[in-house]
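Structure below is coords-v2.txt: compact mmCIF, N, CA and C atoms.
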# COMPACT_ATOMS: atom_id res chain seq x y z
N MET A 1 -69.48 -85.93 -13.53
CA MET A 1 -68.80 -86.02 -14.79
C MET A 1 -68.12 -84.69 -15.07
N VAL A 2 -66.88 -84.76 -15.48
CA VAL A 2 -66.09 -83.57 -15.75
C VAL A 2 -66.15 -83.30 -17.25
N ALA A 3 -66.47 -82.07 -17.58
CA ALA A 3 -66.52 -81.69 -18.99
C ALA A 3 -65.14 -81.26 -19.44
N ARG A 4 -64.70 -81.77 -20.56
CA ARG A 4 -63.41 -81.38 -21.13
C ARG A 4 -63.66 -80.49 -22.33
N SER A 5 -62.95 -79.42 -22.37
CA SER A 5 -63.09 -78.54 -23.53
C SER A 5 -62.26 -79.09 -24.68
N ARG A 6 -62.76 -79.01 -25.86
CA ARG A 6 -62.03 -79.45 -27.05
C ARG A 6 -61.50 -78.21 -27.76
N ARG A 7 -60.31 -77.81 -27.31
CA ARG A 7 -59.70 -76.63 -27.92
C ARG A 7 -59.28 -76.96 -29.35
N ALA A 8 -59.37 -76.00 -30.17
CA ALA A 8 -58.97 -76.20 -31.57
C ALA A 8 -57.74 -75.36 -31.87
N ASN A 9 -56.89 -75.89 -32.70
CA ASN A 9 -55.72 -75.14 -33.12
C ASN A 9 -56.11 -74.27 -34.32
N PRO A 10 -55.22 -73.45 -34.81
CA PRO A 10 -55.57 -72.57 -35.95
C PRO A 10 -56.01 -73.33 -37.20
N SER A 11 -55.57 -74.58 -37.36
CA SER A 11 -55.98 -75.32 -38.55
C SER A 11 -57.39 -75.89 -38.42
N GLY A 12 -57.98 -75.80 -37.24
CA GLY A 12 -59.35 -76.27 -37.05
C GLY A 12 -59.45 -77.68 -36.48
N GLN A 13 -58.33 -78.41 -36.38
CA GLN A 13 -58.36 -79.76 -35.82
C GLN A 13 -58.35 -79.67 -34.30
N PRO A 14 -59.06 -80.59 -33.63
CA PRO A 14 -58.97 -80.62 -32.16
C PRO A 14 -57.54 -80.92 -31.73
N LEU A 15 -57.13 -80.36 -30.61
CA LEU A 15 -55.77 -80.49 -30.12
C LEU A 15 -55.42 -81.95 -29.86
N GLU A 16 -56.36 -82.75 -29.40
CA GLU A 16 -56.11 -84.15 -29.09
C GLU A 16 -55.69 -84.94 -30.34
N ASN A 17 -56.13 -84.56 -31.52
CA ASN A 17 -55.78 -85.29 -32.73
C ASN A 17 -54.36 -85.00 -33.19
N ARG A 18 -53.78 -83.88 -32.78
CA ARG A 18 -52.44 -83.53 -33.19
C ARG A 18 -51.37 -84.21 -32.35
N VAL A 19 -51.69 -84.55 -31.14
CA VAL A 19 -50.71 -85.15 -30.24
C VAL A 19 -50.48 -86.60 -30.66
N ALA A 20 -49.23 -86.98 -30.81
CA ALA A 20 -48.92 -88.34 -31.28
C ALA A 20 -49.36 -89.39 -30.27
N GLN A 21 -49.15 -89.13 -29.00
CA GLN A 21 -49.51 -90.10 -27.98
C GLN A 21 -49.74 -89.35 -26.69
N VAL A 22 -50.86 -89.60 -26.05
CA VAL A 22 -51.20 -88.95 -24.79
C VAL A 22 -50.85 -89.90 -23.66
N HIS A 23 -50.03 -89.45 -22.73
CA HIS A 23 -49.63 -90.27 -21.59
C HIS A 23 -50.46 -89.84 -20.39
N ASP A 24 -51.02 -90.83 -19.67
CA ASP A 24 -51.81 -90.51 -18.51
C ASP A 24 -50.96 -90.40 -17.25
N SER A 25 -49.70 -90.75 -17.33
CA SER A 25 -48.82 -90.61 -16.18
C SER A 25 -47.50 -90.01 -16.63
N MET A 26 -46.71 -89.66 -15.65
CA MET A 26 -45.41 -89.07 -15.97
C MET A 26 -44.49 -90.11 -16.59
N MET A 27 -44.58 -91.33 -16.14
CA MET A 27 -43.72 -92.41 -16.62
C MET A 27 -44.55 -93.37 -17.45
N ASN A 28 -44.22 -93.47 -18.71
CA ASN A 28 -44.92 -94.41 -19.57
C ASN A 28 -43.88 -95.12 -20.41
N PRO A 29 -43.76 -96.41 -20.37
CA PRO A 29 -44.61 -97.39 -19.70
C PRO A 29 -44.43 -97.34 -18.18
N LYS A 30 -45.44 -97.83 -17.49
CA LYS A 30 -45.44 -97.75 -16.03
C LYS A 30 -44.39 -98.68 -15.44
N ILE A 31 -43.87 -98.27 -14.30
CA ILE A 31 -42.82 -99.04 -13.62
C ILE A 31 -43.31 -100.44 -13.29
N GLU A 32 -44.55 -100.58 -12.88
CA GLU A 32 -45.08 -101.89 -12.53
C GLU A 32 -45.06 -102.83 -13.74
N ASP A 33 -45.38 -102.30 -14.91
CA ASP A 33 -45.35 -103.11 -16.14
C ASP A 33 -43.92 -103.52 -16.48
N LEU A 34 -42.98 -102.59 -16.30
CA LEU A 34 -41.58 -102.90 -16.59
C LEU A 34 -41.02 -103.94 -15.63
N LEU A 35 -41.38 -103.83 -14.35
CA LEU A 35 -40.88 -104.78 -13.36
C LEU A 35 -41.43 -106.18 -13.58
N SER A 36 -42.60 -106.28 -14.21
CA SER A 36 -43.15 -107.60 -14.50
C SER A 36 -42.39 -108.29 -15.64
N LYS A 37 -41.60 -107.55 -16.40
CA LYS A 37 -40.84 -108.11 -17.52
C LYS A 37 -39.48 -108.66 -17.09
N VAL A 38 -38.99 -108.25 -15.91
CA VAL A 38 -37.68 -108.68 -15.43
C VAL A 38 -37.82 -109.26 -14.03
N ASP A 39 -36.72 -109.81 -13.51
CA ASP A 39 -36.82 -110.46 -12.20
C ASP A 39 -36.51 -109.54 -11.02
N SER A 40 -35.89 -108.38 -11.25
CA SER A 40 -35.60 -107.48 -10.14
C SER A 40 -35.42 -106.04 -10.65
N LYS A 41 -35.43 -105.12 -9.70
CA LYS A 41 -35.21 -103.71 -10.05
C LYS A 41 -33.79 -103.52 -10.59
N PHE A 42 -32.85 -104.24 -10.01
CA PHE A 42 -31.46 -104.12 -10.46
C PHE A 42 -31.32 -104.55 -11.91
N THR A 43 -31.99 -105.63 -12.27
CA THR A 43 -31.95 -106.11 -13.65
C THR A 43 -32.55 -105.09 -14.59
N LEU A 44 -33.66 -104.48 -14.18
CA LEU A 44 -34.32 -103.46 -15.01
C LEU A 44 -33.40 -102.28 -15.24
N VAL A 45 -32.76 -101.80 -14.19
CA VAL A 45 -31.87 -100.64 -14.30
C VAL A 45 -30.67 -100.98 -15.19
N THR A 46 -30.08 -102.14 -14.98
CA THR A 46 -28.91 -102.54 -15.75
C THR A 46 -29.26 -102.72 -17.22
N LEU A 47 -30.36 -103.43 -17.49
CA LEU A 47 -30.77 -103.68 -18.86
C LEU A 47 -31.11 -102.38 -19.59
N ALA A 48 -31.87 -101.51 -18.94
CA ALA A 48 -32.27 -100.25 -19.57
C ALA A 48 -31.07 -99.34 -19.80
N SER A 49 -30.14 -99.29 -18.85
CA SER A 49 -28.99 -98.39 -19.01
C SER A 49 -28.06 -98.88 -20.12
N GLN A 50 -27.85 -100.19 -20.19
CA GLN A 50 -27.00 -100.72 -21.27
C GLN A 50 -27.63 -100.47 -22.64
N ARG A 51 -28.93 -100.71 -22.74
CA ARG A 51 -29.61 -100.49 -24.02
C ARG A 51 -29.63 -99.00 -24.38
N ALA A 52 -29.81 -98.13 -23.40
CA ALA A 52 -29.82 -96.69 -23.66
C ALA A 52 -28.45 -96.24 -24.19
N ARG A 53 -27.38 -96.82 -23.66
CA ARG A 53 -26.04 -96.49 -24.18
C ARG A 53 -25.88 -96.95 -25.62
N GLN A 54 -26.43 -98.12 -25.94
CA GLN A 54 -26.36 -98.62 -27.31
C GLN A 54 -27.15 -97.71 -28.25
N ILE A 55 -28.34 -97.28 -27.82
CA ILE A 55 -29.16 -96.40 -28.65
C ILE A 55 -28.46 -95.06 -28.85
N ASN A 56 -27.86 -94.54 -27.79
CA ASN A 56 -27.13 -93.28 -27.88
C ASN A 56 -25.96 -93.41 -28.85
N SER A 57 -25.26 -94.53 -28.81
CA SER A 57 -24.15 -94.76 -29.75
C SER A 57 -24.66 -94.85 -31.18
N TYR A 58 -25.82 -95.48 -31.35
CA TYR A 58 -26.41 -95.60 -32.68
C TYR A 58 -26.70 -94.21 -33.25
N PHE A 59 -27.34 -93.35 -32.46
CA PHE A 59 -27.65 -92.00 -32.94
C PHE A 59 -26.38 -91.20 -33.17
N GLY A 60 -25.34 -91.45 -32.38
CA GLY A 60 -24.08 -90.73 -32.54
C GLY A 60 -23.32 -91.10 -33.80
N GLN A 61 -23.47 -92.33 -34.28
CA GLN A 61 -22.73 -92.77 -35.46
C GLN A 61 -23.54 -92.73 -36.74
N LEU A 62 -24.74 -92.16 -36.72
CA LEU A 62 -25.61 -92.16 -37.90
C LEU A 62 -24.95 -91.53 -39.12
N GLY A 63 -24.28 -90.43 -38.96
CA GLY A 63 -23.68 -89.74 -40.10
C GLY A 63 -22.40 -90.40 -40.60
N ASP A 64 -21.81 -91.27 -39.80
CA ASP A 64 -20.53 -91.88 -40.17
C ASP A 64 -20.68 -93.03 -41.15
N GLY A 65 -21.87 -93.61 -41.22
CA GLY A 65 -22.10 -94.72 -42.14
C GLY A 65 -21.51 -96.03 -41.69
N LEU A 66 -21.22 -96.17 -40.40
CA LEU A 66 -20.60 -97.40 -39.91
C LEU A 66 -21.61 -98.54 -39.80
N GLY A 67 -22.77 -98.27 -39.22
CA GLY A 67 -23.82 -99.28 -39.12
C GLY A 67 -23.50 -100.43 -38.19
N SER A 68 -22.70 -100.20 -37.17
CA SER A 68 -22.32 -101.28 -36.27
C SER A 68 -23.26 -101.43 -35.08
N ASN A 69 -24.10 -100.46 -34.82
CA ASN A 69 -25.00 -100.51 -33.67
C ASN A 69 -26.42 -100.83 -34.12
N VAL A 70 -27.16 -101.49 -33.23
CA VAL A 70 -28.53 -101.87 -33.52
C VAL A 70 -29.45 -100.67 -33.30
N PRO A 71 -30.30 -100.33 -34.27
CA PRO A 71 -31.20 -99.18 -34.12
C PRO A 71 -32.31 -99.48 -33.13
N PRO A 72 -33.05 -98.46 -32.69
CA PRO A 72 -34.19 -98.70 -31.81
C PRO A 72 -35.18 -99.69 -32.43
N GLN A 73 -35.72 -100.56 -31.60
CA GLN A 73 -36.59 -101.64 -32.07
C GLN A 73 -38.07 -101.28 -32.02
N VAL A 74 -38.41 -100.10 -31.53
CA VAL A 74 -39.80 -99.65 -31.47
C VAL A 74 -39.91 -98.27 -32.10
N THR A 75 -41.09 -97.96 -32.60
CA THR A 75 -41.36 -96.61 -33.07
C THR A 75 -41.81 -95.81 -31.87
N SER A 76 -41.14 -94.73 -31.60
CA SER A 76 -41.39 -93.98 -30.37
C SER A 76 -41.42 -92.49 -30.64
N VAL A 77 -42.22 -91.79 -29.84
CA VAL A 77 -42.21 -90.33 -29.90
C VAL A 77 -41.19 -89.77 -28.91
N ALA A 78 -40.62 -90.66 -28.09
CA ALA A 78 -39.63 -90.23 -27.10
C ALA A 78 -38.33 -89.87 -27.80
N ARG A 79 -37.62 -88.93 -27.21
CA ARG A 79 -36.35 -88.49 -27.79
C ARG A 79 -35.16 -88.92 -26.95
N LYS A 80 -35.41 -89.34 -25.73
CA LYS A 80 -34.34 -89.74 -24.83
C LYS A 80 -34.06 -91.23 -24.98
N PRO A 81 -32.79 -91.62 -25.04
CA PRO A 81 -32.45 -93.04 -25.20
C PRO A 81 -32.99 -93.93 -24.09
N LEU A 82 -33.02 -93.44 -22.85
CA LEU A 82 -33.52 -94.26 -21.75
C LEU A 82 -35.02 -94.52 -21.90
N SER A 83 -35.78 -93.51 -22.34
CA SER A 83 -37.21 -93.70 -22.56
C SER A 83 -37.46 -94.71 -23.68
N ILE A 84 -36.66 -94.65 -24.72
CA ILE A 84 -36.79 -95.61 -25.82
C ILE A 84 -36.46 -97.01 -25.32
N ALA A 85 -35.42 -97.13 -24.48
CA ALA A 85 -35.04 -98.43 -23.93
C ALA A 85 -36.17 -99.01 -23.08
N PHE A 86 -36.82 -98.17 -22.26
CA PHE A 86 -37.96 -98.64 -21.45
C PHE A 86 -39.10 -99.11 -22.35
N GLU A 87 -39.36 -98.40 -23.44
CA GLU A 87 -40.42 -98.82 -24.36
C GLU A 87 -40.07 -100.14 -25.03
N GLU A 88 -38.79 -100.36 -25.35
CA GLU A 88 -38.37 -101.63 -25.93
C GLU A 88 -38.55 -102.78 -24.95
N ILE A 89 -38.22 -102.55 -23.69
CA ILE A 89 -38.40 -103.58 -22.66
C ILE A 89 -39.88 -103.89 -22.49
N SER A 90 -40.70 -102.86 -22.47
CA SER A 90 -42.14 -103.05 -22.32
C SER A 90 -42.74 -103.84 -23.48
N ALA A 91 -42.19 -103.63 -24.68
CA ALA A 91 -42.70 -104.32 -25.88
C ALA A 91 -42.06 -105.69 -26.08
N ASP A 92 -41.27 -106.15 -25.11
CA ASP A 92 -40.57 -107.45 -25.17
C ASP A 92 -39.60 -107.54 -26.35
N LYS A 93 -39.07 -106.41 -26.79
CA LYS A 93 -38.07 -106.42 -27.85
C LYS A 93 -36.67 -106.63 -27.28
N ILE A 94 -36.48 -106.26 -26.02
CA ILE A 94 -35.21 -106.44 -25.33
C ILE A 94 -35.49 -107.26 -24.09
N VAL A 95 -34.76 -108.35 -23.92
CA VAL A 95 -34.95 -109.21 -22.75
C VAL A 95 -33.60 -109.43 -22.06
N SER A 96 -33.67 -109.72 -20.79
CA SER A 96 -32.48 -109.99 -20.01
C SER A 96 -32.13 -111.47 -20.14
N VAL A 97 -30.86 -111.74 -20.41
CA VAL A 97 -30.38 -113.11 -20.50
C VAL A 97 -29.40 -113.32 -19.35
N PRO A 98 -29.72 -114.20 -18.41
CA PRO A 98 -28.80 -114.40 -17.28
C PRO A 98 -27.52 -115.09 -17.73
N LEU A 99 -26.41 -114.63 -17.19
CA LEU A 99 -25.11 -115.23 -17.49
C LEU A 99 -24.90 -116.45 -16.61
N GLU A 100 -24.15 -117.41 -17.12
CA GLU A 100 -23.83 -118.58 -16.33
C GLU A 100 -22.87 -118.18 -15.22
N ASP A 101 -23.04 -118.81 -14.09
CA ASP A 101 -22.14 -118.58 -12.97
C ASP A 101 -20.78 -119.19 -13.29
N GLU A 102 -19.70 -118.52 -12.93
CA GLU A 102 -18.36 -119.01 -13.27
C GLU A 102 -18.07 -120.35 -12.62
N THR A 103 -18.55 -120.57 -11.40
CA THR A 103 -18.29 -121.85 -10.74
C THR A 103 -19.04 -122.97 -11.44
N ALA A 104 -20.24 -122.69 -11.93
CA ALA A 104 -20.98 -123.71 -12.67
C ALA A 104 -20.29 -124.00 -14.00
N ALA A 105 -19.71 -123.00 -14.62
CA ALA A 105 -19.00 -123.19 -15.88
C ALA A 105 -17.74 -124.02 -15.66
N ASP A 106 -17.05 -123.82 -14.53
CA ASP A 106 -15.87 -124.61 -14.22
C ASP A 106 -16.22 -126.08 -14.00
N ASP A 107 -17.33 -126.33 -13.31
CA ASP A 107 -17.77 -127.70 -13.05
C ASP A 107 -18.14 -128.41 -14.35
N GLU A 108 -18.73 -127.69 -15.29
CA GLU A 108 -19.12 -128.29 -16.55
C GLU A 108 -17.91 -128.63 -17.41
N ASP A 109 -16.82 -127.88 -17.26
CA ASP A 109 -15.61 -128.14 -18.04
C ASP A 109 -14.94 -129.44 -17.61
N GLY A 110 -15.21 -129.85 -16.40
CA GLY A 110 -14.61 -131.08 -15.89
C GLY A 110 -13.19 -130.89 -15.41
N SER A 111 -12.79 -129.68 -15.24
CA SER A 111 -11.42 -129.45 -14.77
C SER A 111 -11.35 -129.76 -13.28
N ASP A 112 -10.35 -130.56 -12.93
CA ASP A 112 -10.17 -130.94 -11.53
C ASP A 112 -9.00 -130.19 -10.93
N ALA A 113 -8.86 -128.94 -11.27
CA ALA A 113 -7.74 -128.15 -10.77
C ALA A 113 -7.88 -127.93 -9.28
N ALA A 114 -6.79 -128.18 -8.59
CA ALA A 114 -6.79 -127.98 -7.14
C ALA A 114 -6.60 -126.51 -6.86
N PRO A 115 -7.10 -126.05 -5.72
CA PRO A 115 -6.90 -124.64 -5.38
C PRO A 115 -5.41 -124.36 -5.17
N VAL A 116 -4.99 -123.18 -5.55
CA VAL A 116 -3.60 -122.78 -5.43
C VAL A 116 -3.33 -122.35 -4.00
N GLU A 117 -2.27 -122.91 -3.44
CA GLU A 117 -1.90 -122.56 -2.06
C GLU A 117 -0.84 -121.48 -2.08
N LYS A 118 -0.90 -120.60 -1.11
CA LYS A 118 0.12 -119.56 -0.97
C LYS A 118 1.39 -120.17 -0.40
N PRO A 119 2.54 -119.76 -0.91
CA PRO A 119 3.79 -120.29 -0.33
C PRO A 119 3.98 -119.78 1.08
N SER A 120 4.50 -120.62 1.93
CA SER A 120 4.74 -120.21 3.32
C SER A 120 6.02 -119.40 3.40
N LYS A 121 6.09 -118.51 4.34
CA LYS A 121 7.25 -117.62 4.49
C LYS A 121 8.24 -118.19 5.45
I need this file expressed as structure tokens, please.
Amino acid sequence: MVARSRRANPSGQPLENRVAQVHDSMMNPKIEDLLSKVDSKFTLVTLASQRARQINSYFGQLGDGLGSNVPPQVTSVARKPLSIAFEEISADKIVSVPLEDETAADDEDGSDAAPVEKPSK
């Protein structure tokens, strides 16, 4: 058994009580947990990067009073937009919605358009 020292800060509280959230790994939420929320690594990267851009835009327009961007959906101690996006995905606040394939959308429209042929020279 390893003994942990309980250091105290000048106010007398143990250091562990002052920290908002203690992470046991470098990446929290864990990659394995995030990958279980989506169907592939590519989807995770795409979803997180798009959401991080939206969060960054939200923080950028705060003083303008526009209110056109959606604020972060989780309470987080993270300051980076990508970390906040990962926490939102982990909390199931942001989900990936697959787009319909264009060929399937054409078939559903019932259009019987023939393929366009190139004119001969």
(Q) Taking 6 positions as the minimum chain separation for residues in the same chain, which residues sit within 8 Å of Ser83 in chain A when counting only N, CA and C atoms? Answer as a VMD selection string. (A) chain A and resid 28 to 29 48 52 76 89
Q) Counting only N, CA and C atoms, which of A:Leu62, A:Val74, A:Ile55, A:Val38 gets nearest to Lys93 in chain A? A) A:Val74
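Between atom C of Asp39 in chain A and atom N of Tyr58 in chain A lies a distance of 26.9 Å.
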Q: May I ask for the distance between atom C of Ser68 in chain A and atom N of Leu35 in chain A, given in Å to one decimal place?
A: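 Distance between the two atoms: 27.6 Å.
When only C-alpha atoms are used to compute distances to Leu34 in chain A, the closest of the residues A:Pro72, A:Ala78, A:Glu87, A:Asp64 turns out to be A:Glu87.
Of the listed residues (A:Leu82, A:Met27, A:Glu32, A:Val95), A:Leu82 comes nearest to Asn56 in chain A; the distances count all atoms listed in the file.
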